[in-house]
Amino acid sequence: MHTLDGHWLTDNDGISPLSVMGAEERSERRDFIPYTDKPIRWHTDGYYNTLEHTIRGLMLHCVQSAASGGDNQLLDHEIAYILLRDLNPEHIRALSAPAVMTIPARLDEGGIARAEQTGPVFSVDGQGFLHMRFTERKKNITWRQDAATQAALAALGRILATPTPWTLHGRLEPGMGLVCNNVLHDRSGFTETPDKRRLLYRARYYERVSPLES
Ligand SMILES: [Fe+2]
């Protein structure tokens, strides 16, 4: 992984400090759930990015964990795909449609800050690797309303709602990190105390994690 995604809320080195934003800090971050103590539903990172900015690799580093909470669940999106396909291959077909999911444009005082993004949930890149673009959030997202899409989303929701034998659950503690191919993940809400304020650094890359040299 070597090309960092330049995100408008990152510090200028392209790495995002994830922490709860106080009133005195960069106010635009406070409008976004990652910079609060609230839970975050299942998603892959950068689901609102353009195709050229697809996030294939993700790295987290924990500087400080919260007083309580802030756990993650992880599920490899390839396994989610297999479970969904085993239920009904039509679910895969529906979620691979090019216009199945639309993220509305984000507006600010200057007009359109980010254009509307439409794309598939599942796609396969030129090297045959599966990519998943997904969020379980209900706001600021529009799904195709046809029966096949709705059935596929309901089935995927059921898979994610119940831990599978492949679902990992844990909490990053100081010095721990996560390196992954932008797999599905969520985050529980958390509480902080003055000396236990959660701080994670996040880096998003356009490349997957390279296979280990043999
Ligand atoms: Fe995330």
# chains A, B, ... in the order shown; residues from 1 in each chain; ligands from 1

call {"tool": "closest_atom_pairs", "arguments": {"of": "chain A", "to": "ligand 1", "cutoff": "9 Å", "atoms": "only C-alpha atoms and all ligand atoms", "output": "Markdown table"}}
result
| residue | atom | partner | partner_atom_place_in_ligand_line | distance |
| --- | --- | --- | --- | --- |
| A:Pro34 | CA | ligand 1 | 1 (Fe) | 7.8 |
| A:Ile40 | CA | ligand 1 | 1 (Fe) | 8.0 |
| A:Trp42 | CA | ligand 1 | 1 (Fe) | 8.2 |
| A:His43 | CA | ligand 1 | 1 (Fe) | 6.4 |
| A:Thr44 | CA | ligand 1 | 1 (Fe) | 5.8 |
| A:Asp45 | CA | ligand 1 | 1 (Fe) | 4.7 |
| A:Gly46 | CA | ligand 1 | 1 (Fe) | 8.0 |
| A:Leu58 | CA | ligand 1 | 1 (Fe) | 8.6 |
| A:Asn182 | CA | ligand 1 | 1 (Fe) | 8.2 |
| A:Leu184 | CA | ligand 1 | 1 (Fe) | 8.1 |
| A:His185 | CA | ligand 1 | 1 (Fe) | 6.4 |
| A:Asp186 | CA | ligand 1 | 1 (Fe) | 6.8 |
| A:Arg187 | CA | ligand 1 | 1 (Fe) | 8.0 |
| A:Arg202 | CA | ligand 1 | 1 (Fe) | 8.9 |

call {"tool": "residues_around", "arguments": {"residues": "region 93-110 of chain A", "least_positions_apart": "5", "cutoff": "12 Å", "atoms": "only C-alpha atoms", "output": "ChimeraX atom specification"}}
result
/A:28,46-51,81,84-85,88,115-124,130-156

call {"tool": "atom_distance", "arguments": {"atom1": "CA of Gly69 (chain A)", "atom2": "CA of Pro174 (chain A)"}}
result
13.9 Å

call {"tool": "closest_residue", "arguments": {"among": "A:Ile112, A:Leu18, A:Ala67, A:Leu160", "to": "Glu192 (chain A)", "atoms": "only C-alpha atoms"}}
result
A:Ala67
